[in-house]
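Participant: Next comes work.txt, compact mmCIF, C-alpha atoms:
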# COMPACT_ATOMS: atom_id res chain seq x y z
CA MET A 1009 168.84 254.64 -164.68
CA THR A 1010 168.94 258.39 -164.07
CA LEU A 1011 170.94 259.57 -161.06
CA SER A 1012 168.89 261.14 -158.27
CA HIS A 1013 169.34 264.87 -158.60
CA ASP A 1014 168.09 268.38 -157.84
CA LEU A 1015 167.80 271.14 -160.42
CA ALA A 1016 167.52 274.86 -159.74
CA GLY A 1017 167.88 278.11 -161.62
CA THR A 1018 167.90 279.12 -165.25
CA GLY A 1019 170.55 280.58 -167.47
CA PRO A 1020 172.92 279.82 -170.31
CA THR A 1021 175.38 277.89 -168.14
CA THR A 1022 174.64 274.50 -166.59
CA VAL A 1023 176.76 273.85 -163.49
CA VAL A 1024 177.07 270.24 -162.30
CA LEU A 1025 178.05 269.60 -158.66
CA LEU A 1026 179.70 266.23 -157.92
CA HIS A 1027 180.06 265.23 -154.28
CA SER A 1028 182.97 263.64 -152.43
CA GLY A 1029 183.15 259.95 -151.55
CA VAL A 1030 182.09 260.54 -147.93
CA CYS A 1031 179.06 262.70 -148.74
CA ASP A 1032 176.13 262.92 -151.09
CA ARG A 1033 174.51 265.79 -152.98
CA ARG A 1034 173.55 267.50 -149.71
CA MET A 1035 177.17 268.58 -149.30
CA TRP A 1036 176.40 271.41 -151.74
CA ASP A 1037 173.63 272.93 -149.61
CA GLY A 1038 175.81 276.00 -149.07
CA GLN A 1039 176.42 276.61 -152.79
CA PHE A 1040 173.48 275.11 -154.72
CA HIS A 1041 170.99 277.95 -154.31
CA ALA A 1042 173.65 280.68 -154.33
CA LEU A 1043 174.81 279.58 -157.77
CA ALA A 1044 171.22 279.35 -159.02
CA GLU A 1045 170.35 282.79 -157.68
CA ALA A 1046 173.39 284.20 -159.50
CA GLY A 1047 171.88 283.19 -162.84
CA HIS A 1048 173.10 279.67 -163.42
CA ARG A 1049 171.25 276.44 -164.08
CA VAL A 1050 172.55 274.16 -161.35
CA VAL A 1051 172.26 270.40 -160.94
CA ARG A 1052 173.55 268.35 -158.04
CA CYS A 1053 173.32 264.58 -158.12
CA ASP A 1054 173.92 261.50 -156.02
CA LEU A 1055 176.41 259.23 -157.74
CA ARG A 1056 175.47 255.57 -157.79
CA GLY A 1057 175.91 254.09 -154.32
CA PHE A 1058 175.39 257.41 -152.51
CA GLY A 1059 172.39 259.27 -151.10
CA ASP A 1060 169.22 258.34 -152.99
CA THR A 1061 170.87 256.51 -155.91
CA PRO A 1062 171.16 252.75 -155.42
CA VAL A 1063 173.75 250.41 -156.92
CA ASP A 1064 171.78 248.19 -159.27
CA ALA A 1065 174.07 247.41 -162.21
CA PRO A 1066 177.68 247.58 -163.36
CA HIS A 1067 178.46 251.23 -163.99
CA THR A 1068 181.03 253.91 -164.65
CA HIS A 1069 180.43 257.10 -162.68
CA ALA A 1070 181.56 259.42 -165.48
CA GLU A 1071 179.17 257.77 -167.93
CA ASP A 1072 176.35 258.02 -165.39
CA VAL A 1073 176.98 261.78 -165.21
CA ARG A 1074 177.10 262.04 -169.02
CA ALA A 1075 173.75 260.22 -169.18
CA LEU A 1076 172.29 262.66 -166.65
CA LEU A 1077 173.48 265.60 -168.77
CA ASP A 1078 171.85 263.99 -171.81
CA HIS A 1079 168.63 263.62 -169.80
CA LEU A 1080 168.76 267.33 -168.88
CA GLY A 1081 169.63 268.46 -172.40
CA ALA A 1082 172.91 270.02 -171.24
CA GLU A 1083 175.38 269.95 -174.12
CA ARG A 1084 178.28 271.71 -172.38
CA SER A 1085 178.54 272.19 -168.63
CA VAL A 1086 180.83 273.55 -165.96
CA VAL A 1087 181.63 270.57 -163.75
CA VAL A 1088 182.50 271.10 -160.08
CA GLY A 1089 183.95 268.13 -158.21
CA SER A 1090 184.98 267.63 -154.59
CA SER A 1091 187.54 264.89 -153.84
CA PHE A 1092 186.20 261.70 -155.47
CA GLY A 1093 183.77 263.88 -157.42
CA GLY A 1094 186.80 265.71 -158.81
CA ARG A 1095 188.16 262.45 -160.14
CA VAL A 1096 184.81 261.74 -161.83
CA ALA A 1097 184.87 265.26 -163.31
CA LEU A 1098 188.36 264.68 -164.72
CA GLU A 1099 187.29 261.34 -166.21
CA LEU A 1100 184.26 262.99 -167.83
CA ALA A 1101 186.43 265.77 -169.29
CA ALA A 1102 188.96 263.27 -170.64
CA LEU A 1103 186.37 260.92 -172.13
CA HIS A 1104 183.94 263.57 -173.40
CA PRO A 1105 185.90 266.83 -173.80
CA GLY A 1106 183.14 268.48 -175.81
CA ARG A 1107 180.74 268.19 -172.89
CA VAL A 1108 182.87 270.07 -170.33
CA ARG A 1109 183.14 273.84 -170.59
CA ALA A 1110 185.22 274.29 -167.42
CA LEU A 1111 186.31 272.36 -164.32
CA ALA A 1112 186.40 273.40 -160.67
CA LEU A 1113 188.28 270.82 -158.60
CA LEU A 1114 188.23 271.06 -154.79
CA GLY A 1115 190.63 268.76 -152.96
CA SER A 1116 190.39 266.56 -156.02
CA ALA A 1117 191.38 262.96 -156.40
CA ILE A 1118 192.86 261.89 -159.74
CA PRO A 1119 192.41 258.85 -162.00
CA GLY A 1120 195.03 256.21 -161.29
CA MET A 1121 195.79 257.71 -157.88
CA ALA A 1122 198.56 255.83 -156.03
CA PRO A 1123 197.91 256.39 -152.31
CA SER A 1124 200.73 257.15 -149.92
CA ALA A 1125 201.68 254.76 -147.13
CA GLU A 1126 199.73 257.01 -144.75
CA LEU A 1127 196.57 256.82 -146.83
CA ARG A 1128 196.94 253.07 -147.35
CA ALA A 1129 197.19 252.62 -143.58
CA TRP A 1130 194.06 254.71 -143.15
CA GLY A 1131 192.24 252.56 -145.72
CA ALA A 1132 193.35 249.38 -143.97
CA ARG A 1133 191.98 250.74 -140.70
CA GLU A 1134 188.64 251.54 -142.33
CA ASP A 1135 188.49 248.08 -143.95
CA ALA A 1136 189.22 246.38 -140.63
CA LEU A 1137 186.43 248.27 -138.88
CA ILE A 1138 183.95 247.42 -141.64
CA GLU A 1139 184.95 243.75 -141.63
CA ALA A 1140 184.49 243.70 -137.86
CA GLY A 1141 180.98 245.10 -138.29
CA ASP A 1142 181.84 248.32 -136.42
CA LEU A 1143 180.30 250.74 -138.88
CA ASP A 1144 179.88 253.42 -136.22
CA ALA A 1145 183.65 253.54 -135.71
CA ALA A 1146 184.25 253.47 -139.49
CA VAL A 1147 181.92 256.43 -139.91
CA GLU A 1148 183.66 258.41 -137.15
CA LEU A 1149 187.04 257.64 -138.68
CA ASN A 1150 185.86 259.30 -141.89
CA VAL A 1151 184.34 262.29 -140.10
CA ASP A 1152 187.55 262.91 -138.14
CA THR A 1153 189.82 262.43 -141.17
CA TRP A 1154 188.12 264.43 -143.88
CA LEU A 1155 186.80 267.54 -142.17
CA GLY A 1156 189.14 270.42 -141.43
CA PRO A 1157 189.42 272.49 -138.26
CA GLU A 1158 186.69 274.97 -139.22
CA ALA A 1159 183.97 272.35 -139.77
CA GLY A 1160 181.07 272.79 -137.36
CA GLN A 1161 178.70 270.28 -135.87
CA ALA A 1162 176.25 270.57 -138.78
CA ALA A 1163 178.98 269.64 -141.26
CA ARG A 1164 180.07 266.73 -139.10
CA ALA A 1165 176.48 265.49 -138.82
CA LEU A 1166 176.00 265.69 -142.59
CA VAL A 1167 179.18 263.72 -143.33
CA ARG A 1168 178.27 261.23 -140.61
CA ASP A 1169 174.85 260.60 -142.15
CA GLY A 1170 176.09 260.60 -145.75
CA GLN A 1171 178.88 258.13 -145.02
CA ARG A 1172 176.55 255.83 -143.11
CA ARG A 1173 174.09 255.80 -146.02
CA ALA A 1174 176.91 255.15 -148.50
CA PHE A 1175 178.18 252.21 -146.45
CA ALA A 1176 174.67 250.74 -146.36
CA LEU A 1177 174.15 251.06 -150.12
CA GLN A 1178 177.59 249.85 -151.14
CA LEU A 1179 177.78 246.92 -148.72
CA ALA A 1180 174.39 245.70 -149.90
CA ALA A 1181 175.36 245.84 -153.58
CA ALA A 1182 176.23 242.66 -155.43
CA GLU A 1183 179.91 242.43 -156.37
CA GLU A 1184 179.10 242.37 -160.08
CA HIS A 1185 177.37 245.75 -159.70
CA HIS A 1186 180.42 247.56 -158.38
CA PRO A 1187 181.76 250.54 -160.36
CA VAL A 1188 184.27 250.16 -163.17
CA ALA A 1189 186.93 252.88 -163.41
CA PRO A 1190 187.61 254.00 -166.97
CA GLU A 1191 191.19 253.90 -168.21
CA VAL A 1192 192.21 257.55 -168.12
CA THR A 1193 195.94 258.24 -168.33
CA ARG A 1194 198.01 261.28 -167.47
CA ASP A 1195 198.37 261.89 -171.21
CA ASP A 1196 194.57 261.96 -171.47
CA LEU A 1197 194.38 264.53 -168.67
CA ALA A 1198 197.07 266.68 -170.29
CA ARG A 1199 194.84 266.99 -173.37
CA ILE A 1200 191.99 268.60 -171.37
CA GLN A 1201 191.76 272.14 -172.70
CA ALA A 1202 188.93 273.39 -170.49
CA PRO A 1203 189.77 276.13 -167.96
CA ALA A 1204 190.30 274.54 -164.57
CA LEU A 1205 190.29 275.82 -161.01
CA VAL A 1206 192.45 273.61 -158.78
CA ALA A 1207 191.75 274.45 -155.13
CA VAL A 1208 193.29 272.67 -152.15
CA GLY A 1209 193.26 273.20 -148.40
CA ALA A 1210 196.36 273.78 -146.29
CA HIS A 1211 194.98 271.27 -143.77
CA ASP A 1212 194.23 268.58 -146.34
CA LEU A 1213 196.10 265.27 -146.42
CA PRO A 1214 199.50 265.38 -148.18
CA ASP A 1215 198.18 263.13 -150.97
CA PHE A 1216 195.69 265.74 -152.09
CA ARG A 1217 198.12 268.63 -151.88
CA ALA A 1218 200.45 266.57 -154.11
CA ILE A 1219 197.59 265.94 -156.53
CA ALA A 1220 196.91 269.69 -156.68
CA ASP A 1221 200.59 270.22 -157.53
CA GLU A 1222 200.32 267.65 -160.32
CA LEU A 1223 197.05 268.98 -161.73
CA GLY A 1224 198.38 272.52 -161.66
CA SER A 1225 201.18 271.55 -164.02
CA LEU A 1226 199.34 268.83 -165.97
CA LEU A 1227 196.18 270.66 -167.03
CA PRO A 1228 197.03 273.25 -169.70
CA ALA A 1229 194.52 275.86 -168.49
CA ALA A 1230 194.70 275.34 -164.72
CA ARG A 1231 194.70 278.02 -162.03
CA ARG A 1232 195.85 276.89 -158.57
CA VAL A 1233 194.25 278.32 -155.42
CA ASP A 1234 195.50 277.45 -151.93
CA LEU A 1235 192.96 277.79 -149.13
CA ASP A 1236 194.89 278.39 -145.92
CA TRP A 1237 191.80 277.70 -143.76
CA ALA A 1238 190.54 274.53 -145.43
CA GLY A 1239 190.81 270.83 -144.86
CA HIS A 1240 189.55 268.33 -147.42
CA LEU A 1241 185.95 269.56 -147.79
CA PRO A 1242 185.90 273.36 -148.12
CA ALA A 1243 182.29 273.37 -149.34
CA LEU A 1244 181.25 272.21 -145.86
CA GLU A 1245 183.88 274.07 -143.85
CA ARG A 1246 183.24 277.60 -145.17
CA PRO A 1247 180.15 277.31 -147.38
CA ASP A 1248 179.75 281.00 -148.19
CA GLU A 1249 183.41 281.51 -149.04
CA THR A 1250 183.38 278.43 -151.25
CA ALA A 1251 180.29 279.75 -153.05
CA ARG A 1252 182.10 283.04 -153.72
CA LEU A 1253 185.13 281.15 -155.02
CA LEU A 1254 182.96 279.18 -157.44
CA LEU A 1255 181.04 282.26 -158.59
CA SER A 1256 184.31 284.07 -159.30
CA PHE A 1257 185.57 281.12 -161.32
CA LEU A 1258 182.30 280.88 -163.25
CA ALA A 1259 182.65 284.55 -164.20
CA GLU A 1260 186.22 283.94 -165.36
CA ALA A 1261 185.19 280.90 -167.37
CA ALA A 1262 182.35 282.83 -169.03
CA GLN A 1263 184.73 285.61 -170.01
CA LEU A 1264 187.20 283.11 -171.48
CA ASP A 1265 184.37 281.43 -173.38
CA ALA A 1266 183.20 284.77 -174.77
CA THR A 1267 186.66 285.74 -175.98
CA GLY A 1268 187.26 282.33 -177.51
Go ahead and express the file in the form of structure tokens.
Facilitator:
Amino acid sequence: MTLSHDLAGTGPTTVVLLHSGVCDRRMWDGQFHALAEAGHRVVRCDLRGFGDTPVDAPHTHAEDVRALLDHLGAERSVVVGSSFGGRVALELAALHPGRVRALALLGSAIPGMAPSAELRAWGAREDALIEAGDLDAAVELNVDTWLGPEAGQAARALVRDGQRRAFALQLAAAEEHHPVAPEVTRDDLARIQAPALVAVGAHDLPDFRAIADELGSLLPAARRVDLDWAGHLPALERPDETARLLLSFLAEAAQLDATG
């Protein structure tokens, strides 16, 4: 199946936007058209089990994205990933390095992530609420956890709706249709040569600040950016500023590509 997606703009560079695990492709509303208007071909998609893409078969998210790029005729793309979408972007770059021109990782997760005791406790709380059938409380737990202090009511409403839809899709899916994570090691990540922007918020959970530290030293061509205003989802917290950050990185990546 082809992931549900939106396509806008024309230009030599295809930019792929991968959403976080508590959102869907609507999280990029504040960047999608800005990137297209700046001369890029931009695609945003719903990963399987999010938004408008159902869970209907065993799958690997990175391979789903590769198949979408094949469908669009995009040989090499700049891949932008937020949180869980960052992990998918890293898996794609490790498995198919020739398909990824550059990476922009915002509050990224990482393959093989070992959660802290704090994050495990949070996950146990979410699981308990879901098992008790209190999806409203599970949704609010996610909204309160993942949005930083500058997120407005519109951002909270979008995460609330996206998380509720994701719960509905994923809970209805047969167990044999759940995603399979590819085996991507730290050595695999260290071989990624694509330029990478590693951005993290000062108000993000410690796990993700630690991941940014690791990615900054692990990826050979990484540039670390600390956002003193951001929580876990900067694209929703300051949409215009995040768009400018991505446009600046795209210009840097194009210059690096031109100089070889």
Participant: Can I get the residues of range 1167-1239 of chain A within 12 Å of range 1028-1049 of chain A, each with the closest pair of atoms and their distance in Å to one decimal, using all atoms listed in the file, sorted chain first then ascending number, as a tab-separated table?
Facilitator:
residue	atom	partner	partner_atom	distance
A:Val1167	CA	A:Cys1031	CA	5.5
A:Arg1168	CA	A:Val1030	CA	8.3
A:Asp1169	CA	A:Cys1031	CA	8.1
A:Gly1170	CA	A:Cys1031	CA	4.7
A:Gln1171	CA	A:Val1030	CA	5.0
A:Arg1172	CA	A:Val1030	CA	8.7
A:Arg1173	CA	A:Cys1031	CA	8.9
A:Ala1174	CA	A:Val1030	CA	7.5
A:Phe1175	CA	A:Val1030	CA	9.3
A:Gln1178	CA	A:Gly1029	CA	11.5
Participant: For CA of Ala1101 in chain A and CA of Leu1264 in chain A, quote the distance in Å rounded to one decimal.
Facilitator: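 Value for the CA of Ala1101 in chain A-CA of Leu1264 in chain A distance: 17.5 Å.
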Participant: Using only C-alpha atoms - which residues lie no farther than 12 Å from the point (188.8, 261.0, -160.0) in the file's frame? Write them as a ChimeraX atom specification.
Facilitator: /A:1026-1029,1068-1070,1088-1102,1113-1122,1189-1194,1197,1216,1219,1223
Participant: Can you tell me how far CA of Glu1083 in chain A sits from CA of Val1206 in chain A, in Å to one decimal?
Facilitator: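 Spanning CA of Glu1083 in chain A to CA of Val1206 in chain A is a straight-line distance of 23.2 Å.
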Participant: From the list A:Ala1180, A:Ala1132, A:Leu1149, A:Ala1112, which residue is nearest Arg1232 in chain A when using all atoms listed in the file?
Facilitator: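 Between A:Ala1180, A:Ala1132, A:Leu1149, A:Ala1112, the residue approaching Arg1232 in chain A most closely is A:Ala1112.
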Participant: Could you list, as a JSON list (two decimals) with C-alpha atoms, keeping the file's coordinate frame, every residue within 6 Å of range 1236-1253 of chain A, counting only C-alpha atoms and ignoring same-chain residues fewer than 5 positions away?
Facilitator:
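File produced: selection-v2.json:
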[["chain", "number", "residue", "atom", "x", "y", "z"],
["A", 1038, "GLY", "CA", 175.81, 276.00, -149.07],
["A", 1039, "GLN", "CA", 176.42, 276.61, -152.79],
["A", 1115, "GLY", "CA", 190.63, 268.76, -152.96],
["A", 1154, "TRP", "CA", 188.12, 264.43, -143.88],
["A", 1155, "LEU", "CA", 186.80, 267.54, -142.17],
["A", 1156, "GLY", "CA", 189.14, 270.42, -141.43],
["A", 1158, "GLU", "CA", 186.69, 274.97, -139.22],
["A", 1159, "ALA", "CA", 183.97, 272.35, -139.77],
["A", 1163, "ALA", "CA", 178.98, 269.64, -141.26],
["A", 1209, "GLY", "CA", 193.26, 273.20, -148.40],
["A", 1210, "ALA", "CA", 196.36, 273.78, -146.29],
["A", 1211, "HIS", "CA", 194.98, 271.27, -143.77],
["A", 1212, "ASP", "CA", 194.23, 268.58, -146.34]]
Participant: Can range 1142-1154 of chain A be brought up to N, CA, C and O atoms and written out as a PDB file, keeping the file's coordinate frame?
Facilitator:
ATOM      1  N   ASP A1142     181.906 247.098-137.235  1.00  0.00           N
ATOM      2  CA  ASP A1142     181.840 248.320-136.420  1.00  0.00           C
ATOM      3  C   ASP A1142     181.687 249.527-137.338  1.00  0.00           C
ATOM      4  O   ASP A1142     182.609 250.340-137.495  1.00  0.00           O
ATOM      5  N   LEU A1143     180.519 249.651-137.940  1.00  0.00           N
ATOM      6  CA  LEU A1143     180.300 250.740-138.880  1.00  0.00           C
ATOM      7  C   LEU A1143     180.289 252.100-138.204  1.00  0.00           C
ATOM      8  O   LEU A1143     180.668 253.105-138.809  1.00  0.00           O
ATOM      9  N   ASP A1144     179.854 252.141-136.938  1.00  0.00           N
ATOM     10  CA  ASP A1144     179.880 253.420-136.220  1.00  0.00           C
ATOM     11  C   ASP A1144     181.301 253.963-136.143  1.00  0.00           C
ATOM     12  O   ASP A1144     181.540 255.159-136.385  1.00  0.00           O
ATOM     13  N   ALA A1145     182.259 253.099-135.801  1.00  0.00           N
ATOM     14  CA  ALA A1145     183.650 253.540-135.710  1.00  0.00           C
ATOM     15  C   ALA A1145     184.206 253.893-137.084  1.00  0.00           C
ATOM     16  O   ALA A1145     184.990 254.841-137.220  1.00  0.00           O
ATOM     17  N   ALA A1146     183.797 253.155-138.125  1.00  0.00           N
ATOM     18  CA  ALA A1146     184.250 253.470-139.490  1.00  0.00           C
ATOM     19  C   ALA A1146     183.722 254.832-139.926  1.00  0.00           C
ATOM     20  O   ALA A1146     184.444 255.616-140.562  1.00  0.00           O
ATOM     21  N   VAL A1147     182.491 255.126-139.586  1.00  0.00           N
ATOM     22  CA  VAL A1147     181.920 256.430-139.910  1.00  0.00           C
ATOM     23  C   VAL A1147     182.686 257.542-139.198  1.00  0.00           C
ATOM     24  O   VAL A1147     183.065 258.554-139.804  1.00  0.00           O
ATOM     25  N   GLU A1148     182.951 257.377-137.897  1.00  0.00           N
ATOM     26  CA  GLU A1148     183.660 258.410-137.150  1.00  0.00           C
ATOM     27  C   GLU A1148     185.082 258.600-137.652  1.00  0.00           C
ATOM     28  O   GLU A1148     185.612 259.724-137.639  1.00  0.00           O
ATOM     29  N   LEU A1149     185.709 257.523-138.090  1.00  0.00           N
ATOM     30  CA  LEU A1149     187.040 257.640-138.680  1.00  0.00           C
ATOM     31  C   LEU A1149     187.000 258.570-139.885  1.00  0.00           C
ATOM     32  O   LEU A1149     187.885 259.430-140.056  1.00  0.00           O
ATOM     33  N   ASN A1150     185.986 258.438-140.717  1.00  0.00           N
ATOM     34  CA  ASN A1150     185.860 259.300-141.890  1.00  0.00           C
ATOM     35  C   ASN A1150     185.564 260.741-141.495  1.00  0.00           C
ATOM     36  O   ASN A1150     186.141 261.680-142.055  1.00  0.00           O
ATOM     37  N   VAL A1151     184.668 260.930-140.537  1.00  0.00           N
ATOM     38  CA  VAL A1151     184.340 262.290-140.100  1.00  0.00           C
ATOM     39  C   VAL A1151     185.591 262.988-139.571  1.00  0.00           C
ATOM     40  O   VAL A1151     185.878 264.151-139.922  1.00  0.00           O
ATOM     41  N   ASP A1152     186.363 262.304-138.749  1.00  0.00           N
ATOM     42  CA  ASP A1152     187.550 262.910-138.140  1.00  0.00           C
ATOM     43  C   ASP A1152     188.660 263.154-139.152  1.00  0.00           C
ATOM     44  O   ASP A1152     189.452 264.095-138.996  1.00  0.00           O
ATOM     45  N   THR A1153     188.726 262.328-140.194  1.00  0.00           N
ATOM     46  CA  THR A1153     189.820 262.430-141.170  1.00  0.00           C
ATOM     47  C   THR A1153     189.577 263.530-142.189  1.00  0.00           C
ATOM     48  O   THR A1153     190.502 264.273-142.533  1.00  0.00           O
ATOM     49  N   TRP A1154     188.349 263.642-142.677  1.00  0.00           N
ATOM     50  CA  TRP A1154     188.120 264.430-143.880  1.00  0.00           C
ATOM     51  C   TRP A1154     187.644 265.847-143.635  1.00  0.00           C
ATOM     52  O   TRP A1154     187.652 266.662-144.571  1.00  0.00           O
TER      53      TRP A1154
END
